[in-house]
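Data first, discussion second: the structure below is written as structure tokens.
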Amino acid sequence: MTQPPQPPQPPPNEPPQGGFGAPQDPPPGGFGAPTPPPADPFGKPPATPQSPPPGGYGTPPPAGQPAQQPGYGYPQTPPQGQPQQPGYGLPQGQPPQPGYGFPPGRPPQHGYGYPQQGQPPQQGYGYPTTPMQQPYQPPQNGNGPKKFSTQAQIIVAAVVAVVLIVGAGVWYASSGTDGDKKKDEASTSSGTDGESKGGDGKGLGGSGKEKVPSNTKGTVAFQLPQPKVTDVTTVDGSWLTDKAYVKTGVNEVIGYDPAKGTKLWSIPLPGQLCAASRHMTKDFRTAVVFEEGKRTATKKYQSCNHVGALDLNTGKLMWNKSVTAATGGDAPVRFEEVTLSGTTVAAAGSDGGAAFDLNTGAERWKPKASTDGCYDTGYAGGEALAVVRKCGKYDDPQLTVQALNPTTGAPLSSYKMPPGVEYASIVSTKPLVVAADVGDTAGDGSGISDFFSIDAATGKLLVRIPADAEKYAANCRSTEVESCQQLAVGNNRIYLPTEEHEGGGEYGDTNEIVSFDLTTGKQTGDRADAGDRYTMFPLRMDGGNIIAYKEPPYDKGGQVVSIDGSTFKQTVLLENPSDESVRDAETSFSAGYAEFRYSGGRLYISETMISKPRESSLDDKEYLVVAFGAN
């Protein structure tokens with residue numbers, strides 16, 4: 001898994017200066033303008049087309065000199081007539097890994113000496129100058145391999161088939177470890193091709209609500225500048241209703257016109273928001289937790305102990321309250337996470353948890369007081385409600401995942417996570433899918449080494465799916481139960497992006513989206529290619545289809561596509577402008593921490609955490625939200 005850039009940890013905060021909505025100097029053609037945005041709504045001069053430097057990367061050798069041959073481990077092009085060996089969705093050769101001084105996650109968008117995605121490398125400091133490896137060229141002029149006889153073809157085909165069957169079994173078996181893990185993981189005995197029985201996708205896909213706009217070429221709808229703050233500030237939470245785009249600010253939640261970005265309403269909060277539910281009801285109600293008071297110069301830290309419900313249709317705070325822990329005492333519980341399932345709001349933190357009626361705020365239940373140090377670390381909502389419960393010693397915890405009755409809090413089933421799991425994240429509650437880094441084996445900070453598909457009715461493990469961090473890219477913030485991004489669950493499958501690897505062009509990486517069956521644990525035949533110089537990841541399900549975002553190369557805009565769950569055919573829903581200033585704004589958000597919301601031909605990308613600008617970046621425009629819309 002690609003390690004996401006680590007966000008700054010929030011120390012005691014300075015009071016916000018000016019607050020959200022303080023007068024800003026929006027760029028020309030900024031949000032709310034009644035006229036269409038100019039060709040460059042971010043106010044930068046036109047970009048000068050770039051091209052690879054003379055004699056640069058990938059240039060053919062001079063006449064009379066042989067082409068450089070591919071190095072060890074580089075993907076080889078098979079000779080004519082030889083079948084291509086199947087893989088999990090990536091070439092066997094991996095791209096060079098970042099060197100010393102380069103973060104293990106994504107490259108910086110504008111780092112010194114390192115190009116943007118898909119940009120031709122410059123022959124300068126900090127980037128390898130080795131020419132692009134040349135692919136194998138089959139002999140020409142009739143000197144190639146002769147055609148086999150029919151009998152020979154049959155024999156070779158049979159041998160290759162046997163090799164593939166054995167190879168698939170060896171690969172799958174080698175991806176696990178001995179002992180309990182082998183018992184948990186899927187066996188290869190249920191199929192001979194390394195795919196689940198549903199790998200053909202029959203009966204999947206369709207029923208999506210998203211339609212293709214008449215014109216998929218997008219423009220900048222609006223952009224919102226970051227509010228001025230003096231320290232690290234959480235702005236987690238963004239939602240789309242049928243009337244507004246809603247985003248968290250400083251000490252408030254604001255509803256904007258979805259097309260223009262003009263403010264429709266504001267919900268003042270008693271203190272700064274700490275966490276927000278990613279779910280909302282059909283009538284656009286959701287839940288948040290926030291600090292008990294506003295930060296001041298004399299009190300820079302406020303306890304996050306209030307839960308509240310928001311009506312995003314009317315722009316009202318329906319109720320807010322705090323509770324004491326089930327273990328006793330007068331101090332209110334400090335909350336770190338909140339979620340929503342049906343009409344149950346469930347919030348939790350290291351001090352304890354509680355559940356409330358969404359409509360009235362009435363307390364529904366609390367986790368029972370435990371004498372053995374057990375507590376609910378966090379809840380996950382949506383179609384069902386589940387919890388990760390931690391027991392045992394700090395350095396030797398035992399985690400249990402439970403499906404809960406949302407109304408009473410009673411456990412419906414329990415599954416004990418294997419030893420070596422310190423944190424677990426719930427990817428989906430229906431079906432129940434959990435991600436964990438078992439024994440810290442992922443090694444990349446993604447929080448994922450394995451996925452666990454669990455029968456929520458019985459607590460029985462259906463299958464454990466190894467997710468090799470060098471092959472698959474997604475991330476879960478280990479300390480938050482409901483925080484996984486860049487993946488999706490639907491059609492009884494989990495959809496994952498592969499790690500980036502070299503594409504077919506002269507420069508630029510690419511990747512794919514693939515899937516695993518949640519019953520058998522086997523990789524299916526699903527594969528959606530991002531295309532040369534693009535990389536992609538799932539945003540969410542749309543019925544049986546997958547909505548995915550494509551990160552752009554240096555000279556293109558990003559895209560939103562719908563992937564048919566049955567055929568895996570891609571349909572472009574939105575293509576953003578390729579202007580340099582627009583592209584710079586679009587790619588300034590860290591994909592592992594930004595919020596992406598797409599609906600009805602509009603894409604909104606927003607920050608979840610902001611901080612005081614660095615002295616070196618005072619002249620750079622920093623955005624809270626950038627929105628795009630199809631014409």
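Labels used: A, B, ... for chains in the order of the structure tokens, numbers from 1 for residues in each chain, and numbers from 1 for ligands as shown.
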Exercise: A:Thr219 partners within 8 Å, only C-alpha atoms, chain neighbours under 5 positions left out, as a ChimeraX atom specification: /A:37,576-577,628-631
Written file, previous selection with N, CA, C and O atoms, as a compact mmCIF listing (two decimals), in the first residue's frame:
# COMPACT_ATOMS: atom_id res chain seq x y z
N PRO A 37 -16.48 31.09 -15.84
CA PRO A 37 -15.11 31.37 -15.46
C PRO A 37 -14.24 31.58 -16.69
O PRO A 37 -14.50 31.03 -17.75
N ASN A 576 -11.72 17.21 -16.22
CA ASN A 576 -11.40 18.55 -15.76
C ASN A 576 -10.45 19.27 -16.71
O ASN A 576 -9.74 18.64 -17.50
N PRO A 577 -10.41 20.60 -16.65
CA PRO A 577 -9.55 21.36 -17.55
C PRO A 577 -8.08 21.00 -17.37
O PRO A 577 -7.64 20.60 -16.28
N PHE A 628 -15.59 21.31 -9.61
CA PHE A 628 -15.64 21.25 -11.06
C PHE A 628 -17.03 20.80 -11.49
O PHE A 628 -17.70 20.04 -10.77
N GLY A 629 -17.45 21.25 -12.68
CA GLY A 629 -18.76 20.86 -13.18
C GLY A 629 -18.75 20.66 -14.67
O GLY A 629 -18.03 21.35 -15.41
N ALA A 630 -19.54 19.70 -15.14
CA ALA A 630 -19.67 19.46 -16.58
C ALA A 630 -20.49 20.58 -17.19
O ALA A 630 -21.41 21.12 -16.58
N ASN A 631 -20.17 20.93 -18.42
CA ASN A 631 -20.89 22.01 -19.11
C ASN A 631 -22.30 21.56 -19.49
O ASN A 631 -22.52 20.41 -19.82
Close residues, stretch 318-330 of chain A itself excluded, 12 Å, only C-alpha atoms, min 5 positions apart in chain, as a PyMOL selection string: chain A and resi 267-271+285-292+303-313+335+345+347-376
Could you give me, as an NGL selection string, each residue of stretch 239-443 of chain A that DSSP assigns to strand (DSSP E) when run on this structure's backbone? :A and (239-240 or 245-248 or 252-256 or 263-268 or 273-276 or 285-290 or 306-311 or 316-321 or 337-341 or 344-349 or 352-357 or 363-365 or 375-380 or 385-393 or 396-404 or 411-416 or 424-429 or 432-436)
What's the separation between atom CA of A:Ser588 and atom CA of A:Ser611, in Å to one decimal place? 14.6 Å
Give me, as an mmCIF file with N, CA, C and O atoms, in the first residue's frame, all polymer residues having an atom no more than 12 Å from A:Lys263, counting only C-alpha atoms and skipping those fewer than 2 positions away in the same chain.
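What landed in around.cif:
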data_model
loop_
_atom_site.group_PDB
_atom_site.id
_atom_site.type_symbol
_atom_site.label_atom_id
_atom_site.label_comp_id
_atom_site.auth_asym_id
_atom_site.auth_seq_id
_atom_site.Cartn_x
_atom_site.Cartn_y
_atom_site.Cartn_z
ATOM 1 N N PHE A 20 -13.733 31.458 9.640
ATOM 2 C CA PHE A 20 -14.111 31.067 8.278
ATOM 3 C C PHE A 20 -15.072 32.099 7.695
ATOM 4 O O PHE A 20 -16.006 32.547 8.350
ATOM 5 N N GLY A 21 -14.836 32.456 6.513
ATOM 6 C CA GLY A 21 -15.691 33.463 5.891
ATOM 7 C C GLY A 21 -15.154 34.871 6.033
ATOM 8 O O GLY A 21 -15.788 35.824 5.613
ATOM 9 N N PHE A 31 -15.319 32.013 -7.063
ATOM 10 C CA PHE A 31 -16.630 31.425 -6.846
ATOM 11 C C PHE A 31 -17.687 32.511 -6.715
ATOM 12 O O PHE A 31 -17.438 33.594 -6.225
ATOM 13 N N GLY A 32 -18.837 32.166 -7.154
ATOM 14 C CA GLY A 32 -19.967 33.077 -7.027
ATOM 15 C C GLY A 32 -20.115 34.040 -8.186
ATOM 16 O O GLY A 32 -21.093 34.785 -8.248
ATOM 17 N N PHE A 222 -16.258 26.622 -8.852
ATOM 18 C CA PHE A 222 -15.857 27.638 -7.879
ATOM 19 C C PHE A 222 -14.688 27.096 -7.059
ATOM 20 O O PHE A 222 -14.372 25.902 -7.110
ATOM 21 N N LEU A 224 -12.883 27.789 -3.001
ATOM 22 C CA LEU A 224 -12.995 28.453 -1.705
ATOM 23 C C LEU A 224 -11.618 28.518 -1.076
ATOM 24 O O LEU A 224 -10.943 27.493 -0.943
ATOM 25 N N LYS A 243 -29.750 20.276 -2.630
ATOM 26 C CA LYS A 243 -29.774 21.730 -2.727
ATOM 27 C C LYS A 243 -28.435 22.399 -2.428
ATOM 28 O O LYS A 243 -28.242 23.573 -2.753
ATOM 29 N N ALA A 244 -27.502 21.685 -1.797
ATOM 30 C CA ALA A 244 -26.295 22.348 -1.320
ATOM 31 C C ALA A 244 -25.100 21.405 -1.294
ATOM 32 O O ALA A 244 -25.243 20.184 -1.199
ATOM 33 N N TYR A 245 -23.922 22.035 -1.393
ATOM 34 C CA TYR A 245 -22.673 21.366 -1.041
ATOM 35 C C TYR A 245 -22.300 21.899 0.328
ATOM 36 O O TYR A 245 -22.220 23.120 0.540
ATOM 37 N N VAL A 246 -22.089 21.012 1.277
ATOM 38 C CA VAL A 246 -21.890 21.403 2.672
ATOM 39 C C VAL A 246 -20.466 21.055 3.102
ATOM 40 O O VAL A 246 -19.992 19.936 2.871
ATOM 41 N N LYS A 247 -19.791 22.031 3.728
ATOM 42 C CA LYS A 247 -18.408 21.836 4.130
ATOM 43 C C LYS A 247 -18.140 22.450 5.494
ATOM 44 O O LYS A 247 -18.657 23.517 5.822
ATOM 45 N N VAL A 253 -20.369 25.103 10.191
ATOM 46 C CA VAL A 253 -20.577 24.257 9.015
ATOM 47 C C VAL A 253 -21.399 25.086 8.040
ATOM 48 O O VAL A 253 -22.416 25.679 8.418
ATOM 49 N N ILE A 254 -20.963 25.133 6.768
ATOM 50 C CA ILE A 254 -21.558 26.061 5.811
ATOM 51 C C ILE A 254 -22.128 25.308 4.621
ATOM 52 O O ILE A 254 -21.512 24.379 4.098
ATOM 53 N N GLY A 255 -23.320 25.734 4.180
ATOM 54 C CA GLY A 255 -23.926 25.214 2.969
ATOM 55 C C GLY A 255 -23.723 26.179 1.814
ATOM 56 O O GLY A 255 -23.945 27.386 1.958
ATOM 57 N N TYR A 256 -23.248 25.654 0.668
ATOM 58 C CA TYR A 256 -22.969 26.479 -0.503
ATOM 59 C C TYR A 256 -23.847 26.064 -1.666
ATOM 60 O O TYR A 256 -24.253 24.898 -1.781
ATOM 61 N N ASP A 257 -24.116 27.027 -2.542
ATOM 62 C CA ASP A 257 -24.781 26.700 -3.791
ATOM 63 C C ASP A 257 -23.885 25.723 -4.546
ATOM 64 O O ASP A 257 -22.705 26.007 -4.763
ATOM 65 N N PRO A 258 -24.400 24.567 -4.949
ATOM 66 C CA PRO A 258 -23.531 23.540 -5.551
ATOM 67 C C PRO A 258 -22.920 23.934 -6.892
ATOM 68 O O PRO A 258 -21.913 23.360 -7.293
ATOM 69 N N ALA A 259 -23.519 24.919 -7.580
ATOM 70 C CA ALA A 259 -23.005 25.326 -8.886
ATOM 71 C C ALA A 259 -22.162 26.589 -8.809
ATOM 72 O O ALA A 259 -21.166 26.727 -9.524
ATOM 73 N N LYS A 260 -22.513 27.514 -7.913
ATOM 74 C CA LYS A 260 -21.843 28.814 -7.862
ATOM 75 C C LYS A 260 -20.887 28.972 -6.692
ATOM 76 O O LYS A 260 -19.979 29.798 -6.737
ATOM 77 N N GLY A 261 -21.122 28.234 -5.621
ATOM 78 C CA GLY A 261 -20.281 28.372 -4.446
ATOM 79 C C GLY A 261 -20.661 29.512 -3.540
ATOM 80 O O GLY A 261 -19.940 29.810 -2.577
ATOM 81 N N TRP A 265 -26.252 29.129 3.762
ATOM 82 C CA TRP A 265 -26.527 29.203 5.193
ATOM 83 C C TRP A 265 -25.283 28.795 5.983
ATOM 84 O O TRP A 265 -24.325 28.256 5.427
ATOM 85 N N SER A 266 -25.302 29.056 7.265
ATOM 86 C CA SER A 266 -24.202 28.682 8.150
ATOM 87 C C SER A 266 -24.760 28.151 9.461
ATOM 88 O O SER A 266 -25.747 28.678 9.981
ATOM 89 N N ILE A 267 -24.146 27.094 9.976
ATOM 90 C CA ILE A 267 -24.516 26.548 11.285
ATOM 91 C C ILE A 267 -23.372 26.849 12.247
ATOM 92 O O ILE A 267 -22.330 26.188 12.208
ATOM 93 N N GLY A 315 -30.139 23.728 7.338
ATOM 94 C CA GLY A 315 -29.004 24.437 7.899
ATOM 95 C C GLY A 315 -29.167 24.727 9.375
ATOM 96 O O GLY A 315 -28.916 25.848 9.828
#
Between atom CA of A:Thr298 and atom CA of A:Ala331, what distance in Å does the model show, to one decimal?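 Interatomic distance, atom CA of A:Thr298 to atom CA of A:Ala331: 21.4 Å.
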Between atom CA of A:Arg464 and atom CA of A:Met417, what is the distance in Å, rounded to a tenth? 10.8 Å
Quick one: everything within 10 Å of A:Ala474, counting only C-alpha atoms, minus sequence neighbours fewer than 4 positions away in the same chain. Send it as a PyMOL selection string. chain A and resi 1-4+446-448+467+469+484-488+495-499+537-538+592
Grab the residues selected above and save them as a tab-separated table (two decimals), in the first residue's frame with C-alpha atoms.
chain	number	residue	atom	x	y	z
A	1	MET	CA	0.00	0.00	0.00
A	2	THR	CA	1.21	3.48	-0.76
A	3	GLN	CA	1.98	5.28	2.45
A	4	PRO	CA	-0.14	8.43	2.70
A	446	SER	CA	-1.19	2.18	5.07
A	447	GLY	CA	-2.71	0.25	7.99
A	448	ILE	CA	-3.50	-2.68	5.68
A	467	ALA	CA	-3.25	-7.49	0.46
A	469	ALA	CA	1.48	-3.71	0.28
A	484	CYS	CA	-10.45	3.83	4.96
A	485	GLN	CA	-10.09	5.55	1.59
A	486	GLN	CA	-9.35	4.70	-2.04
A	487	LEU	CA	-11.33	1.46	-2.03
A	488	ALA	CA	-14.95	0.36	-2.32
A	495	TYR	CA	-12.35	-3.10	-5.19
A	496	LEU	CA	-8.72	-2.00	-4.77
A	497	PRO	CA	-6.28	0.11	-6.76
A	498	THR	CA	-2.96	-1.48	-7.59
A	499	GLU	CA	0.28	0.30	-6.81
A	537	PHE	CA	-8.75	4.73	-7.30
A	538	PRO	CA	-12.38	4.02	-6.31
A	592	GLY	CA	-5.02	10.01	0.87
Which neighbours of A:Leu204 fall inside 10 Å, counting only C-alpha atoms, when residues of the same chain fewer than 5 positions from it are skipped, and could you give them as a PDB file with all heavy atoms, in the first residue's frame?
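Output (out-v9.pdb):
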ATOM      1  N   GLY A 198     -17.523 -16.030  -9.556  1.00  0.00           N
ATOM      2  CA  GLY A 198     -18.247 -14.868 -10.091  1.00  0.00           C
ATOM      3  C   GLY A 198     -17.366 -13.956 -10.901  1.00  0.00           C
ATOM      4  O   GLY A 198     -17.726 -12.828 -11.176  1.00  0.00           O
ATOM      5  N   GLY A 490     -18.779  -3.655  -2.823  1.00  0.00           N
ATOM      6  CA  GLY A 490     -20.080  -3.846  -3.466  1.00  0.00           C
ATOM      7  C   GLY A 490     -20.046  -5.098  -4.315  1.00  0.00           C
ATOM      8  O   GLY A 490     -18.964  -5.631  -4.621  1.00  0.00           O
ATOM      9  N   ASN A 491     -21.199  -5.594  -4.694  1.00  0.00           N
ATOM     10  CA  ASN A 491     -21.284  -6.797  -5.534  1.00  0.00           C
ATOM     11  C   ASN A 491     -20.586  -7.993  -4.889  1.00  0.00           C
ATOM     12  O   ASN A 491     -20.061  -8.868  -5.572  1.00  0.00           O
ATOM     13  CB  ASN A 491     -20.665  -6.538  -6.918  1.00  0.00           C
ATOM     14  CG  ASN A 491     -21.329  -5.417  -7.666  1.00  0.00           C
ATOM     15  OD1 ASN A 491     -22.534  -5.201  -7.563  1.00  0.00           O
ATOM     16  ND2 ASN A 491     -20.546  -4.657  -8.429  1.00  0.00           N
ATOM     17  N   ASN A 492     -20.547  -8.016  -3.540  1.00  0.00           N
ATOM     18  CA  ASN A 492     -19.837  -9.062  -2.787  1.00  0.00           C
ATOM     19  C   ASN A 492     -18.354  -9.081  -3.149  1.00  0.00           C
ATOM     20  O   ASN A 492     -17.717 -10.141  -3.161  1.00  0.00           O
ATOM     21  CB  ASN A 492     -20.449 -10.447  -3.013  1.00  0.00           C
ATOM     22  CG  ASN A 492     -19.993 -11.452  -1.965  1.00  0.00           C
ATOM     23  OD1 ASN A 492     -19.952 -11.151  -0.771  1.00  0.00           O
ATOM     24  ND2 ASN A 492     -19.637 -12.648  -2.392  1.00  0.00           N
ATOM     25  N   GLY A 543     -24.838   1.973  -7.112  1.00  0.00           N
ATOM     26  CA  GLY A 543     -25.548   0.741  -7.434  1.00  0.00           C
ATOM     27  C   GLY A 543     -24.529  -0.371  -7.581  1.00  0.00           C
ATOM     28  O   GLY A 543     -23.718  -0.630  -6.693  1.00  0.00           O
ATOM     29  N   GLY A 544     -24.529  -1.051  -8.732  1.00  0.00           N
ATOM     30  CA  GLY A 544     -23.541  -2.088  -8.992  1.00  0.00           C
ATOM     31  C   GLY A 544     -22.311  -1.584  -9.713  1.00  0.00           C
ATOM     32  O   GLY A 544     -21.431  -2.380 -10.066  1.00  0.00           O
ATOM     33  N   ASN A 545     -22.218  -0.277  -9.960  1.00  0.00           N
ATOM     34  CA  ASN A 545     -21.075   0.298 -10.658  1.00  0.00           C
ATOM     35  C   ASN A 545     -20.118   0.956  -9.670  1.00  0.00           C
ATOM     36  O   ASN A 545     -20.484   1.252  -8.529  1.00  0.00           O
ATOM     37  CB  ASN A 545     -21.537   1.322 -11.692  1.00  0.00           C
ATOM     38  CG  ASN A 545     -22.455   0.715 -12.737  1.00  0.00           C
ATOM     39  OD1 ASN A 545     -22.348  -0.468 -13.057  1.00  0.00           O
ATOM     40  ND2 ASN A 545     -23.374   1.517 -13.279  1.00  0.00           N
ATOM     41  N   ASP A 564     -18.505  -0.148 -15.094  1.00  0.00           N
ATOM     42  CA  ASP A 564     -19.601  -1.108 -15.038  1.00  0.00           C
ATOM     43  C   ASP A 564     -19.165  -2.329 -14.231  1.00  0.00           C
ATOM     44  O   ASP A 564     -18.133  -2.939 -14.518  1.00  0.00           O
ATOM     45  CB  ASP A 564     -20.011  -1.532 -16.451  1.00  0.00           C
ATOM     46  CG  ASP A 564     -21.246  -2.405 -16.456  1.00  0.00           C
ATOM     47  OD1 ASP A 564     -21.122  -3.620 -16.207  1.00  0.00           O
ATOM     48  OD2 ASP A 564     -22.339  -1.873 -16.718  1.00  0.00           O
ATOM     49  N   GLY A 565     -19.947  -2.682 -13.217  1.00  0.00           N
ATOM     50  CA  GLY A 565     -19.574  -3.786 -12.354  1.00  0.00           C
ATOM     51  C   GLY A 565     -19.583  -5.133 -13.028  1.00  0.00           C
ATOM     52  O   GLY A 565     -18.985  -6.088 -12.532  1.00  0.00           O
ATOM     53  N   SER A 566     -20.244  -5.251 -14.174  1.00  0.00           N
ATOM     54  CA  SER A 566     -20.317  -6.514 -14.895  1.00  0.00           C
ATOM     55  C   SER A 566     -19.219  -6.632 -15.942  1.00  0.00           C
ATOM     56  O   SER A 566     -18.471  -7.603 -15.968  1.00  0.00           O
ATOM     57  CB  SER A 566     -21.686  -6.664 -15.564  1.00  0.00           C
ATOM     58  OG  SER A 566     -21.762  -7.853 -16.314  1.00  0.00           O
ATOM     59  N   THR A 567     -19.108  -5.639 -16.803  1.00  0.00           N
ATOM     60  CA  THR A 567     -18.146  -5.696 -17.910  1.00  0.00           C
ATOM     61  C   THR A 567     -16.831  -5.007 -17.589  1.00  0.00           C
ATOM     62  O   THR A 567     -15.838  -5.225 -18.273  1.00  0.00           O
ATOM     63  CB  THR A 567     -18.749  -5.037 -19.151  1.00  0.00           C
ATOM     64  OG1 THR A 567     -18.946  -3.624 -18.881  1.00  0.00           O
ATOM     65  CG2 THR A 567     -20.080  -5.671 -19.516  1.00  0.00           C
ATOM     66  N   PHE A 568     -16.827  -4.149 -16.564  1.00  0.00           N
ATOM     67  CA  PHE A 568     -15.694  -3.313 -16.186  1.00  0.00           C
ATOM     68  C   PHE A 568     -15.349  -2.306 -17.280  1.00  0.00           C
ATOM     69  O   PHE A 568     -14.237  -1.785 -17.339  1.00  0.00           O
ATOM     70  CB  PHE A 568     -14.479  -4.142 -15.783  1.00  0.00           C
ATOM     71  CG  PHE A 568     -14.188  -3.980 -14.298  1.00  0.00           C
ATOM     72  CD1 PHE A 568     -15.185  -4.222 -13.363  1.00  0.00           C
ATOM     73  CD2 PHE A 568     -12.945  -3.577 -13.842  1.00  0.00           C
ATOM     74  CE1 PHE A 568     -14.945  -4.058 -12.004  1.00  0.00           C
ATOM     75  CE2 PHE A 568     -12.694  -3.407 -12.492  1.00  0.00           C
ATOM     76  CZ  PHE A 568     -13.699  -3.654 -11.575  1.00  0.00           C
TER      77      PHE A 568
END
Give me the residues near stretch 404-413 of chain A as a ChimeraX atom specification, where near means some atom within 7 Å (using only C-alpha atoms) and where sequence neighbours in that chain fewer than 5 positions away do not count. /A:341,344,364-365,385-386,456-459
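If you measure from each of A:Ser483, A:Ile465, A:Arg295, A:Val220 to A:Ala275 using only C-alpha atoms, the closest one turns out to be A:Ser483.
Shortest separation to A:Ala591 among A:Thr535, A:Ser578, A:Ser562, A:Asn251 occurs at residue A:Thr535, atoms counted being only C-alpha atoms.
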